[in-house]
Amino acid sequence: MQKQDSVYSQLPGASDGVLVCQVLAGDQSAFEGLVERYSAMLYRFTYHHLNDYDQSSDVVQQVFLKLYIALPNLPHGEQLKPWLFRVTQNCCLDELRKRRRRHVTLFSALEWRSEEEDMAPLTAIPDTQPLPEEVAE
């Protein structure tokens with residue numbers, strides 16, 4: 001019987017409610033069907049907002065994790081698409097807020113040349129550690 005449920009969950013005509021019921025019954029392939037159904041749409045939506053491949057992938061994964069956790073509390077008869085896109089939008093906004101809070105200083109910005117000497121401030125700091133050759137001796 002588990003084999004038939006798995007095959008049925010892969011059908012494109014299976015509603016979200018049917019797939020959710022199958023996931024709650026323990027059929028993991030039904031959740032895979034939900035992921036396959038919505039992952040491309042959510043990724044495009046996320047990439048449009050964040051414009052970063054890695055962050056978009058992370059956000060989509062986070063959204064599916066939230067879906068898996070929230071499945072028992074979601075209404076079974078409704079479509080998941082509006083819920084998924086709302087959660088995805090909120091996660092994108094959270095990531096954009098994190099970007100604004102993080103002040104990123106590039107290492108290359110720290111290298112500047114003074115007028116008195118042509119040394120970067122990072123090279124002016126003395127290194128008190130022994131050289132590798134000295135350690136080897």
# chains A, B, ... in the order shown; residues from 1 in each chain; ligands from 1

$ residues_around --residues "His49 in chain A" --least-positions-apart "4" --cutoff "12 Å" --atoms "only C-alpha atoms" --output "ChimeraX atom specification"
/A:42-45,53,55-56,59,88-96

$ atom_distance --atom1 "CA of Leu80 in chain A" --atom2 "CA of Asp16 in chain A"
6.4 Å

$ residues_around --residues "Val87 in chain A" --least-positions-apart "6" --cutoff "9 Å" --atoms "only C-alpha atoms" --output "MDAnalysis selection string"
chainID A and resid 63 66:67

$ write_last_selection --atoms "all heavy atoms" --output "PDB file, in the first residue's frame"
ATOM      1  N   VAL A  63      12.432  27.579   3.936  1.00  0.00           N
ATOM      2  CA  VAL A  63      10.985  27.610   3.746  1.00  0.00           C
ATOM      3  C   VAL A  63      10.417  26.188   3.774  1.00  0.00           C
ATOM      4  O   VAL A  63       9.395  25.935   4.417  1.00  0.00           O
ATOM      5  CB  VAL A  63      10.618  28.325   2.423  1.00  0.00           C
ATOM      6  CG1 VAL A  63       9.163  28.100   2.052  1.00  0.00           C
ATOM      7  CG2 VAL A  63      10.930  29.803   2.529  1.00  0.00           C
ATOM      8  N   LYS A  66      10.324  24.991   7.298  1.00  0.00           N
ATOM      9  CA  LYS A  66       9.186  25.582   7.997  1.00  0.00           C
ATOM     10  C   LYS A  66       7.884  24.907   7.583  1.00  0.00           C
ATOM     11  O   LYS A  66       6.995  24.695   8.417  1.00  0.00           O
ATOM     12  CB  LYS A  66       9.117  27.081   7.733  1.00  0.00           C
ATOM     13  CG  LYS A  66      10.191  27.851   8.448  1.00  0.00           C
ATOM     14  CD  LYS A  66      10.065  29.336   8.202  1.00  0.00           C
ATOM     15  CE  LYS A  66      11.181  30.057   8.947  1.00  0.00           C
ATOM     16  NZ  LYS A  66      10.991  31.503   8.963  1.00  0.00           N
ATOM     17  N   LEU A  67       7.776  24.556   6.308  1.00  0.00           N
ATOM     18  CA  LEU A  67       6.591  23.844   5.841  1.00  0.00           C
ATOM     19  C   LEU A  67       6.465  22.492   6.534  1.00  0.00           C
ATOM     20  O   LEU A  67       5.394  22.128   7.023  1.00  0.00           O
ATOM     21  CB  LEU A  67       6.635  23.649   4.324  1.00  0.00           C
ATOM     22  CG  LEU A  67       5.552  22.736   3.731  1.00  0.00           C
ATOM     23  CD1 LEU A  67       4.176  23.347   3.927  1.00  0.00           C
ATOM     24  CD2 LEU A  67       5.825  22.457   2.272  1.00  0.00           C
TER      25      LEU A  67
END

$ atom_distance --atom1 "CA of Leu71 in chain A" --atom2 "CA of Leu24 in chain A"
7.5 Å
